[in-house]
Amino acid sequence: MVRPKRMNSITVFDYSPKWAEEFQQLSGVISGALKGLLARIEHVGSTAVPGLPAKPIIDIDIIVPAISLSTVIERLTTIGYDHRGDLGIEGREAFFAPETSTIAHNLYACPRNSLALRNHLLLRDWLRSHPEDCRRYGELKRRLAKLYRNDIDSYVARKTDFITGILESAGIDTSEITIIRQANKAEQA
């Protein structure tokens, strides 16, 4: 099975309402596969924040009871998702999108109380309700995309302080911030 290579070129686009529509379309397909399970599907990441510039890749978290995680993995596999494991981030199972998907997206399954999930939801909700931070984050992303157009590791690393500052303001404690910083480094490896 051929899978996409790690993104090397970074382009940040103005916010598009199309991203919410794409999330709804993907959510419908995923919901159908997970019918009967107690799962919630959330649009997270920059494309989930109206007005925030972003790479046009939809990030999706499926929130599941820990006891049904293996069933979620199994069902997603039946509709073409390829389970990638936790990629070094505890509390988050990652998936390659089906080869037939026409919408660029990242899919994660997270147990309800995982730090990875709280990180995603707190950041999204903070940026939605704090327009000045949203503006500043958008400016940072544009600046970094120009500086590190072909260096995704540096792009991610240079956003970490801003993101963890917001998460601290949103109530994540210092020990969890340390875990998030380490996770960002792990994703770059």
# chains A, B, ... in the order shown; residues from 1 in each chain; ligands from 1
call {"tool": "residues_around", "arguments": {"residues": "Leu38 (chain A)", "least_positions_apart": "6", "cutoff": "12 Å", "atoms": "only C-alpha atoms", "output": "ChimeraX atom specification"}}
result
/A:31,62-69,71-72,111-112
call {"tool": "select_by_dssp", "arguments": {"residues": "chain A", "states": "helix (DSSP H, G or I)", "output": "PyMOL selection string"}}
result
chain A and resi 18-33+46-48+66-78+115-129+131-147+152-169+174-188
call {"tool": "write_last_selection", "arguments": {"atoms": "C-alpha atoms", "output": "JSON list (two decimals), in the first residue's frame"}}
result
[["chain", "number", "residue", "atom", "x", "y", "z"],
["A", 18, "LYS", "CA", -15.09, 24.63, 3.00],
["A", 19, "TRP", "CA", -13.04, 23.00, 5.79],
["A", 20, "ALA", "CA", -16.12, 22.74, 8.02],
["A", 21, "GLU", "CA", -18.04, 21.18, 5.13],
["A", 22, "GLU", "CA", -15.24, 18.68, 4.50],
["A", 23, "PHE", "CA", -15.23, 17.77, 8.19],
["A", 24, "GLN", "CA", -19.00, 17.15, 8.06],
["A", 25, "GLN", "CA", -18.57, 14.93, 5.02],
["A", 26, "LEU", "CA", -15.79, 12.88, 6.66],
["A", 27, "SER", "CA", -17.67, 12.76, 9.96],
["A", 28, "GLY", "CA", -20.67, 11.21, 8.22],
["A", 29, "VAL", "CA", -18.57, 8.40, 6.76],
["A", 30, "ILE", "CA", -16.79, 7.76, 10.07],
["A", 31, "SER", "CA", -20.08, 7.85, 12.04],
["A", 32, "GLY", "CA", -21.54, 5.24, 9.76],
["A", 33, "ALA", "CA", -18.64, 2.90, 10.45],
["A", 46, "SER", "CA", -6.45, 24.98, 12.86],
["A", 47, "THR", "CA", -9.06, 24.19, 10.20],
["A", 48, "ALA", "CA", -11.62, 23.99, 13.04],
["A", 66, "ALA", "CA", -11.15, 3.18, 26.34],
["A", 67, "ILE", "CA", -12.85, -0.21, 26.36],
["A", 68, "SER", "CA", -14.05, 0.18, 22.75],
["A", 69, "LEU", "CA", -10.77, 1.46, 21.24],
["A", 70, "SER", "CA", -9.93, -1.89, 19.64],
["A", 71, "THR", "CA", -13.40, -2.06, 18.09],
["A", 72, "VAL", "CA", -13.00, 1.48, 16.71],
["A", 73, "ILE", "CA", -9.66, 0.51, 15.15],
["A", 74, "GLU", "CA", -11.19, -2.62, 13.63],
["A", 75, "ARG", "CA", -14.18, -0.77, 12.16],
["A", 76, "LEU", "CA", -12.08, 2.07, 10.72],
["A", 77, "THR", "CA", -9.89, -0.53, 9.04],
["A", 78, "THR", "CA", -12.96, -1.96, 7.28],
["A", 115, "LEU", "CA", -4.08, 14.36, 27.47],
["A", 116, "ALA", "CA", -3.79, 14.29, 23.67],
["A", 117, "LEU", "CA", -7.54, 14.87, 23.37],
["A", 118, "ARG", "CA", -7.61, 17.61, 26.02],
["A", 119, "ASN", "CA", -4.70, 19.31, 24.27],
["A", 120, "HIS", "CA", -6.60, 19.36, 20.95],
["A", 121, "LEU", "CA", -9.93, 20.49, 22.40],
["A", 122, "LEU", "CA", -8.52, 23.15, 24.76],
["A", 123, "LEU", "CA", -6.38, 24.73, 22.05],
["A", 124, "ARG", "CA", -9.25, 24.74, 19.55],
["A", 125, "ASP", "CA", -11.74, 26.17, 22.04],
["A", 126, "TRP", "CA", -9.30, 28.80, 23.33],
["A", 127, "LEU", "CA", -8.55, 30.06, 19.82],
["A", 128, "ARG", "CA", -12.27, 30.14, 18.97],
["A", 129, "SER", "CA", -13.01, 32.32, 22.00],
["A", 131, "PRO", "CA", -9.70, 36.42, 18.75],
["A", 132, "GLU", "CA", -6.46, 38.23, 19.57],
["A", 133, "ASP", "CA", -4.65, 34.96, 20.27],
["A", 134, "CYS", "CA", -6.18, 33.51, 17.11],
["A", 135, "ARG", "CA", -4.85, 36.47, 15.10],
["A", 136, "ARG", "CA", -1.39, 36.18, 16.69],
["A", 137, "TYR", "CA", -1.27, 32.44, 16.06],
["A", 138, "GLY", "CA", -2.25, 32.93, 12.42],
["A", 139, "GLU", "CA", 0.51, 35.49, 11.97],
["A", 140, "LEU", "CA", 3.01, 33.13, 13.59],
["A", 141, "LYS", "CA", 1.97, 30.27, 11.32],
["A", 142, "ARG", "CA", 2.31, 32.42, 8.19],
["A", 143, "ARG", "CA", 5.72, 33.70, 9.27],
["A", 144, "LEU", "CA", 6.98, 30.21, 10.09],
["A", 145, "ALA", "CA", 5.62, 28.77, 6.84],
["A", 146, "LYS", "CA", 7.70, 31.33, 4.94],
["A", 147, "LEU", "CA", 10.82, 30.79, 7.04],
["A", 152, "ILE", "CA", 8.16, 20.75, 8.84],
["A", 153, "ASP", "CA", 10.17, 19.86, 11.95],
["A", 154, "SER", "CA", 11.28, 23.46, 12.51],
["A", 155, "TYR", "CA", 7.80, 24.75, 11.66],
["A", 156, "VAL", "CA", 6.26, 22.53, 14.37],
["A", 157, "ALA", "CA", 9.02, 23.21, 16.90],
["A", 158, "ARG", "CA", 8.72, 27.00, 16.55],
["A", 159, "LYS", "CA", 4.95, 26.85, 17.23],
["A", 160, "THR", "CA", 5.33, 24.81, 20.42],
["A", 161, "ASP", "CA", 5.99, 27.71, 22.83],
["A", 162, "PHE", "CA", 2.95, 29.62, 21.58],
["A", 163, "ILE", "CA", 0.71, 26.54, 21.81],
["A", 164, "THR", "CA", 1.90, 25.50, 25.26],
["A", 165, "GLY", "CA", 1.48, 29.08, 26.49],
["A", 166, "ILE", "CA", -2.17, 28.93, 25.47],
["A", 167, "LEU", "CA", -2.61, 25.52, 27.03],
["A", 168, "GLU", "CA", -1.15, 26.78, 30.31],
["A", 169, "SER", "CA", -3.61, 29.69, 30.21],
["A", 174, "THR", "CA", 3.14, 22.15, 34.15],
["A", 175, "SER", "CA", 3.77, 18.40, 34.21],
["A", 176, "GLU", "CA", 1.33, 17.91, 31.33],
["A", 177, "ILE", "CA", 2.90, 20.79, 29.40],
["A", 178, "THR", "CA", 6.22, 18.92, 29.66],
["A", 179, "ILE", "CA", 4.57, 15.82, 28.18],
["A", 180, "ILE", "CA", 3.09, 17.87, 25.32],
["A", 181, "ARG", "CA", 6.49, 19.42, 24.55],
["A", 182, "GLN", "CA", 8.06, 15.95, 24.45],
["A", 183, "ALA", "CA", 5.25, 14.70, 22.21],
["A", 184, "ASN", "CA", 5.89, 17.54, 19.74],
["A", 185, "LYS", "CA", 9.54, 16.49, 19.61],
["A", 186, "ALA", "CA", 8.53, 12.84, 19.13],
["A", 187, "GLU", "CA", 6.29, 13.75, 16.17],
["A", 188, "GLN", "CA", 9.21, 15.48, 14.51]]
call {"tool": "select_by_dssp", "arguments": {"residues": "region 1-174 of chain A", "states": "strand (DSSP E)", "output": "PyMOL selection string"}}
result
chain A and resi 40-44+58-64+82-85+93-96+105-111
call {"tool": "atom_distance", "arguments": {"atom1": "CA of His83 (chain A)", "atom2": "CA of Ile172 (chain A)"}}
result
28.4 Å
call {"tool": "atom_distance", "arguments": {"atom1": "CA of Gly51 (chain A)", "atom2": "CA of Phe13 (chain A)"}}
result
10.5 Å
